[in-house]
>>> print(open('final.cif').read())   # mmCIF, C-alpha atoms
data_target
#
loop_
_atom_site.label_atom_id
_atom_site.label_comp_id
_atom_site.auth_asym_id
_atom_site.auth_seq_id
_atom_site.Cartn_x
_atom_site.Cartn_y
_atom_site.Cartn_z
CA MET A 1 145.29 113.47 31.52
CA ASP A 2 143.53 113.75 34.86
CA LEU A 3 145.64 112.68 37.84
CA SER A 4 143.13 113.56 40.52
CA ILE A 5 142.66 111.15 43.40
CA GLU A 6 139.38 110.74 45.19
CA THR A 7 139.63 111.53 48.88
CA LEU A 8 137.78 108.38 49.93
CA LYS A 9 140.14 106.22 47.85
CA LEU A 10 143.15 107.91 49.45
CA GLU A 11 141.75 107.37 52.94
CA ALA A 12 141.03 103.71 52.19
CA PHE A 13 144.56 103.34 50.81
CA LEU A 14 146.00 104.86 53.99
CA LEU A 15 144.02 102.43 56.14
CA VAL A 16 145.36 99.47 54.17
CA LEU A 17 148.89 100.93 54.29
CA VAL A 18 148.76 101.33 58.07
CA ARG A 19 147.69 97.71 58.59
CA ILE A 20 150.32 96.26 56.28
CA ALA A 21 153.10 98.58 57.46
CA CYS A 22 152.45 97.65 61.09
CA PHE A 23 152.57 93.97 60.16
CA VAL A 24 155.79 94.36 58.18
CA ALA A 25 157.37 96.32 61.03
CA ILE A 26 157.39 93.33 63.41
CA ALA A 27 156.82 90.28 61.20
CA PRO A 28 159.49 87.57 61.50
CA ILE A 29 160.87 87.85 57.99
CA PHE A 30 160.64 91.63 57.51
CA GLY A 31 160.98 93.02 61.03
CA HIS A 32 164.52 91.91 61.71
CA LYS A 33 167.42 94.24 62.31
CA SER A 34 169.11 92.95 59.17
CA VAL A 35 166.35 94.37 56.93
CA ASN A 36 166.79 98.07 56.26
CA ALA A 37 163.93 100.36 57.35
CA ARG A 38 163.67 101.85 53.86
CA LEU A 39 163.30 98.37 52.42
CA ARG A 40 160.53 97.59 54.91
CA VAL A 41 158.68 100.74 53.85
CA LEU A 42 159.12 99.80 50.19
CA ILE A 43 157.85 96.27 50.82
CA ALA A 44 154.82 97.59 52.71
CA ALA A 45 154.06 100.10 49.94
CA CYS A 46 154.34 97.45 47.19
CA ILE A 47 152.13 94.99 49.05
CA THR A 48 149.62 97.77 49.76
CA LEU A 49 149.49 98.84 46.12
CA THR A 50 148.95 95.26 45.02
CA VAL A 51 146.28 94.53 47.61
CA PHE A 52 144.49 97.84 47.12
CA SER A 53 144.32 97.48 43.35
CA ALA A 54 143.18 93.86 43.58
CA LEU A 55 140.54 94.24 46.31
CA ASN A 56 139.48 97.88 45.99
CA PRO A 57 138.14 98.02 49.57
CA ASP A 58 135.26 100.22 50.60
CA MET A 59 135.76 103.06 53.03
CA PRO A 60 134.03 102.52 56.36
CA GLU A 61 131.74 105.26 57.64
CA TYR A 62 133.06 107.91 60.01
CA ASP A 63 131.92 111.41 60.82
CA SER A 64 134.91 113.32 62.19
CA VAL A 65 138.68 113.38 62.36
CA PHE A 66 138.47 111.40 65.59
CA GLY A 67 136.48 108.71 63.78
CA PHE A 68 139.19 108.41 61.13
CA THR A 69 141.87 108.38 63.83
CA PHE A 70 140.01 105.54 65.55
CA LEU A 71 139.90 103.62 62.26
CA MET A 72 143.66 104.14 61.81
CA LEU A 73 144.36 102.93 65.36
CA LYS A 74 142.14 99.89 64.78
CA GLU A 75 144.02 98.99 61.59
CA ALA A 76 147.36 99.51 63.35
CA ALA A 77 146.25 97.23 66.19
CA ILE A 78 145.22 94.53 63.73
CA GLY A 79 148.54 94.71 61.87
CA LEU A 80 150.58 94.73 65.07
CA SER A 81 148.66 91.81 66.56
CA LEU A 82 149.09 89.69 63.42
CA GLY A 83 152.80 90.52 63.33
CA PHE A 84 153.14 89.74 67.03
CA VAL A 85 151.44 86.36 66.66
CA SER A 86 153.65 85.41 63.73
CA SER A 87 156.80 86.46 65.58
CA LEU A 88 155.58 84.56 68.64
CA VAL A 89 155.25 81.40 66.56
CA MET A 90 158.78 81.83 65.27
CA ALA A 91 160.06 82.43 68.81
CA ILE A 92 158.42 79.18 69.95
CA ILE A 93 160.13 77.29 67.13
CA SER A 94 163.47 78.85 68.04
CA MET A 95 162.95 78.01 71.70
CA SER A 96 162.25 74.38 70.84
CA GLY A 97 165.58 74.25 69.01
CA GLU A 98 167.31 75.66 72.08
CA PHE A 99 165.66 73.03 74.30
CA ILE A 100 166.86 70.29 71.97
CA ASP A 101 170.40 71.70 72.07
CA ARG A 102 170.35 71.73 75.86
CA GLU A 103 169.35 68.09 75.97
CA ILE A 104 171.98 66.86 73.51
CA GLY A 105 174.80 69.08 74.81
CA PHE A 106 175.08 71.69 72.06
CA ALA A 107 174.00 74.56 74.30
CA MET A 108 177.58 75.83 74.61
CA ALA A 109 178.01 76.03 70.83
CA GLN A 110 176.22 79.29 70.17
CA SER A 111 176.50 81.75 67.33
CA PHE A 112 175.29 85.29 66.82
CA ASP A 113 172.01 85.40 64.92
CA ILE A 114 171.63 88.58 62.91
CA ASN A 115 167.87 88.16 62.63
CA SER A 116 167.14 88.12 66.35
CA GLY A 117 170.16 90.16 67.43
CA MET A 118 171.20 87.68 70.10
CA MET A 119 173.11 84.46 70.61
CA THR A 120 171.30 81.32 69.44
CA THR A 121 172.17 77.69 69.36
CA ILE A 122 172.88 75.66 66.26
CA THR A 123 169.61 73.72 66.15
CA ALA A 124 167.53 76.83 66.87
CA ASN A 125 169.19 78.61 63.96
CA MET A 126 168.62 75.59 61.73
CA TYR A 127 164.95 75.41 62.74
CA ASP A 128 164.46 79.09 61.94
CA LYS A 129 165.91 78.73 58.47
CA LEU A 130 164.03 75.48 57.89
CA VAL A 131 160.69 77.04 58.84
CA TYR A 132 161.34 80.03 56.56
CA LEU A 133 162.13 77.62 53.76
CA ILE A 134 159.01 75.53 54.40
CA ILE A 135 156.87 78.68 54.44
CA LEU A 136 158.21 79.71 51.05
CA ILE A 137 158.07 76.23 49.48
CA THR A 138 154.49 75.50 50.56
CA ASN A 139 153.25 79.01 49.62
CA MET A 140 152.23 79.74 53.20
CA HIS A 141 153.26 83.36 52.69
CA PHE A 142 150.16 83.76 50.51
CA TYR A 143 148.00 82.54 53.40
CA ILE A 144 149.73 85.03 55.68
CA LEU A 145 148.91 87.81 53.21
CA LYS A 146 145.31 86.56 53.03
CA ALA A 147 145.12 86.77 56.82
CA ILE A 148 146.34 90.36 56.71
CA VAL A 149 143.79 91.50 54.15
CA ARG A 150 140.92 89.28 55.26
CA PHE A 151 138.61 91.91 56.71
CA LEU A 152 139.45 94.93 54.56
#
>>> encode(input="final.cif", output="structure tokens")
Amino acid sequence: MDLSIETLKLEAFLLVLVRIACFVAIAPIFGHKSVNARLRVLIAACITLTVFSALNPDMPEYDSVFGFTFLMLKEAAIGLSLGFVSSLVMAIISMSGEFIDREIGFAMAQSFDINSGMMTTITANMYDKLVYLIILITNMHFYILKAIVRFL
């Protein structure tokens, strides 16, 4: 039984892992303080294994260690930007719930939200959970994964 791994396959796997790990690090569902760091690493590794075996991406051309480092930084920037945009969308939804609570007088009734690590209002907390539920019910998480692996 031959367990050798081609170097180009390993490098391509590392590029995919860096992109997905950077996304998982700050994504709204995975990047919260309530999710353990080991669990985030496990989730990123499982998603990377699935994506890498399904797509089998080609390794882009580079000629030195600096070229590979540039490719890693590019993949990290893509993952971080996608995670930032998704967390920004969730922050906008939470802020809209806080605006609604201010208008109807529920701004004083705040509770500690474990996900964000700060005090949130009742409607903002409800909107967060509702959006997470809608994402899972409508299979939007598959579209988020497609956005992550779009240009591999």
>>> resolve_selection(input="final.cif", expression="the PyMOL selection byres ((chain A and resi 145-147) around 12)", output="MDAnalysis selection string")
chainID A and resid 19:20 23:24 27 44 47:48 50:51 55 78:79 81:83 85:86 139:144 148:152
>>> write_last_selection(input="final.cif", atoms="C-alpha atoms", output="CSV table (one decimal), in the frame of the given file")
chain,number,residue,atom,x,y,z
A,19,ARG,CA,147.7,97.7,58.6
A,20,ILE,CA,150.3,96.3,56.3
A,23,PHE,CA,152.6,94.0,60.2
A,24,VAL,CA,155.8,94.4,58.2
A,27,ALA,CA,156.8,90.3,61.2
A,44,ALA,CA,154.8,97.6,52.7
A,47,ILE,CA,152.1,95.0,49.0
A,48,THR,CA,149.6,97.8,49.8
A,50,THR,CA,149.0,95.3,45.0
A,51,VAL,CA,146.3,94.5,47.6
A,55,LEU,CA,140.5,94.2,46.3
A,78,ILE,CA,145.2,94.5,63.7
A,79,GLY,CA,148.5,94.7,61.9
A,81,SER,CA,148.7,91.8,66.6
A,82,LEU,CA,149.1,89.7,63.4
A,83,GLY,CA,152.8,90.5,63.3
A,85,VAL,CA,151.4,86.4,66.7
A,86,SER,CA,153.6,85.4,63.7
A,139,ASN,CA,153.2,79.0,49.6
A,140,MET,CA,152.2,79.7,53.2
A,141,HIS,CA,153.3,83.4,52.7
A,142,PHE,CA,150.2,83.8,50.5
A,143,TYR,CA,148.0,82.5,53.4
A,144,ILE,CA,149.7,85.0,55.7
A,148,ILE,CA,146.3,90.4,56.7
A,149,VAL,CA,143.8,91.5,54.2
A,150,ARG,CA,140.9,89.3,55.3
A,151,PHE,CA,138.6,91.9,56.7
A,152,LEU,CA,139.4,94.9,54.6
>>> resolve_selection(input="final.cif", expression="the PyMOL selection byres ((chain A and resi 124) around 6)", output="number ranges by chain")
A: 94, 97-98, 121-123, 125-127
>>> write_last_selection(input="final.cif", atoms="C-alpha atoms", output="short mmCIF file (atom, residue, chain, number, x, y, z; two decimals), keeping the file's coordinate frame")
data_model
loop_
_atom_site.label_atom_id
_atom_site.label_comp_id
_atom_site.auth_asym_id
_atom_site.auth_seq_id
_atom_site.Cartn_x
_atom_site.Cartn_y
_atom_site.Cartn_z
CA SER A 94 163.47 78.85 68.04
CA GLY A 97 165.58 74.25 69.01
CA GLU A 98 167.31 75.66 72.08
CA THR A 121 172.17 77.69 69.36
CA ILE A 122 172.88 75.66 66.26
CA THR A 123 169.61 73.72 66.15
CA ASN A 125 169.19 78.61 63.96
CA MET A 126 168.62 75.59 61.73
CA TYR A 127 164.95 75.41 62.74
#
>>> closest_residue(input="final.cif", among="A:Ile93, A:Leu133, A:Leu17, A:Leu8", to="Pro60 of chain A", atoms="only C-alpha atoms")
A:Leu8
>>> atom_distance(input="final.cif", atom1="atom CA of Glu75 of chain A", atom2="atom CA of Ala12 of chain A")
10.9 Å
>>> resolve_selection(input="final.cif", expression="the PyMOL selection byres ((chain A and resi 59) around 12)", output="list in words")
Glu6, Thr7, Leu8, Lys9, Leu10, Glu11, Ala12, Phe13, Leu14, Leu15, Val16, Phe52, Asn56, Pro57, Asp58, Pro60, Glu61, Tyr62, Phe68, Leu71, Met72 and Leu152 of chain A
>>> axis_aligned_box(input="final.cif", around="segment 36-39 of chain A", padding_each_side="8 Å", output="JSON")
{"center_x": 165.0, "center_y": 100.0, "center_z": 54.9, "size_x": 19.5, "size_y": 19.8, "size_z": 20.9}
>>> atom_distance(input="final.cif", atom1="atom CA of Leu130 of chain A", atom2="atom CA of Arg38 of chain A")
26.7 Å
>>> atom_distance(input="final.cif", atom1="atom CA of Ser64 of chain A", atom2="atom CA of Val41 of chain A")
28.2 Å
>>> closest_residue(input="final.cif", among="A:Val35, A:Leu49, A:Thr120, A:Tyr132", to="Phe99 of chain A", atoms="all atoms listed in the file")
A:Thr120
>>> decode(input="final.cif", residues="segment 13-30 of chain A", atoms="N, CA and C atoms", output="PDB file, in the first residue's frame")
ATOM      1  N   PHE A  13      -3.970  21.493  -1.585  1.00  0.00           N
ATOM      2  CA  PHE A  13      -4.792  21.264  -0.402  1.00  0.00           C
ATOM      3  C   PHE A  13      -4.567  22.354   0.639  1.00  0.00           C
ATOM      4  N   LEU A  14      -3.315  22.759   0.835  1.00  0.00           N
ATOM      5  CA  LEU A  14      -3.014  23.819   1.794  1.00  0.00           C
ATOM      6  C   LEU A  14      -3.630  25.152   1.381  1.00  0.00           C
ATOM      7  N   LEU A  15      -3.642  25.430   0.089  1.00  0.00           N
ATOM      8  CA  LEU A  15      -4.264  26.675  -0.378  1.00  0.00           C
ATOM      9  C   LEU A  15      -5.766  26.678  -0.099  1.00  0.00           C
ATOM     10  N   VAL A  16      -6.414  25.550  -0.356  1.00  0.00           N
ATOM     11  CA  VAL A  16      -7.850  25.445  -0.078  1.00  0.00           C
ATOM     12  C   VAL A  16      -8.096  25.536   1.424  1.00  0.00           C
ATOM     13  N   LEU A  17      -7.250  24.890   2.224  1.00  0.00           N
ATOM     14  CA  LEU A  17      -7.391  24.918   3.678  1.00  0.00           C
ATOM     15  C   LEU A  17      -7.238  26.332   4.227  1.00  0.00           C
ATOM     16  N   VAL A  18      -6.305  27.092   3.699  1.00  0.00           N
ATOM     17  CA  VAL A  18      -6.106  28.456   4.181  1.00  0.00           C
ATOM     18  C   VAL A  18      -7.336  29.308   3.895  1.00  0.00           C
ATOM     19  N   ARG A  19      -7.901  29.186   2.697  1.00  0.00           N
ATOM     20  CA  ARG A  19      -9.081  29.983   2.365  1.00  0.00           C
ATOM     21  C   ARG A  19     -10.256  29.635   3.266  1.00  0.00           C
ATOM     22  N   ILE A  20     -10.525  28.362   3.435  1.00  0.00           N
ATOM     23  CA  ILE A  20     -11.681  27.940   4.218  1.00  0.00           C
ATOM     24  C   ILE A  20     -11.457  28.197   5.706  1.00  0.00           C
ATOM     25  N   ALA A  21     -10.249  28.001   6.192  1.00  0.00           N
ATOM     26  CA  ALA A  21      -9.970  28.254   7.610  1.00  0.00           C
ATOM     27  C   ALA A  21     -10.101  29.739   7.942  1.00  0.00           C
ATOM     28  N   CYS A  22      -9.667  30.605   7.045  1.00  0.00           N
ATOM     29  CA  CYS A  22      -9.826  32.046   7.275  1.00  0.00           C
ATOM     30  C   CYS A  22     -11.292  32.445   7.258  1.00  0.00           C
ATOM     31  N   PHE A  23     -12.082  31.815   6.399  1.00  0.00           N
ATOM     32  CA  PHE A  23     -13.518  32.102   6.388  1.00  0.00           C
ATOM     33  C   PHE A  23     -14.170  31.629   7.678  1.00  0.00           C
ATOM     34  N   VAL A  24     -13.858  30.415   8.087  1.00  0.00           N
ATOM     35  CA  VAL A  24     -14.469  29.843   9.290  1.00  0.00           C
ATOM     36  C   VAL A  24     -14.053  30.628  10.535  1.00  0.00           C
ATOM     37  N   ALA A  25     -12.873  31.225  10.509  1.00  0.00           N
ATOM     38  CA  ALA A  25     -12.389  31.957  11.681  1.00  0.00           C
ATOM     39  C   ALA A  25     -13.262  33.157  12.027  1.00  0.00           C
ATOM     40  N   ILE A  26     -13.856  33.821  11.028  1.00  0.00           N
ATOM     41  CA  ILE A  26     -14.637  35.021  11.324  1.00  0.00           C
ATOM     42  C   ILE A  26     -16.060  34.973  10.778  1.00  0.00           C
ATOM     43  N   ALA A  27     -16.487  33.851  10.245  1.00  0.00           N
ATOM     44  CA  ALA A  27     -17.859  33.740   9.736  1.00  0.00           C
ATOM     45  C   ALA A  27     -18.853  33.842  10.889  1.00  0.00           C
ATOM     46  N   PRO A  28     -20.070  34.313  10.624  1.00  0.00           N
ATOM     47  CA  PRO A  28     -21.029  34.532  11.706  1.00  0.00           C
ATOM     48  C   PRO A  28     -21.386  33.285  12.502  1.00  0.00           C
ATOM     49  N   ILE A  29     -21.523  32.166  11.876  1.00  0.00           N
ATOM     50  CA  ILE A  29     -21.947  30.975  12.598  1.00  0.00           C
ATOM     51  C   ILE A  29     -20.765  30.325  13.314  1.00  0.00           C
ATOM     52  N   PHE A  30     -19.602  30.266  12.666  1.00  0.00           N
ATOM     53  CA  PHE A  30     -18.464  29.538  13.216  1.00  0.00           C
ATOM     54  C   PHE A  30     -17.524  30.407  14.031  1.00  0.00           C
TER      55      PHE A  30
END
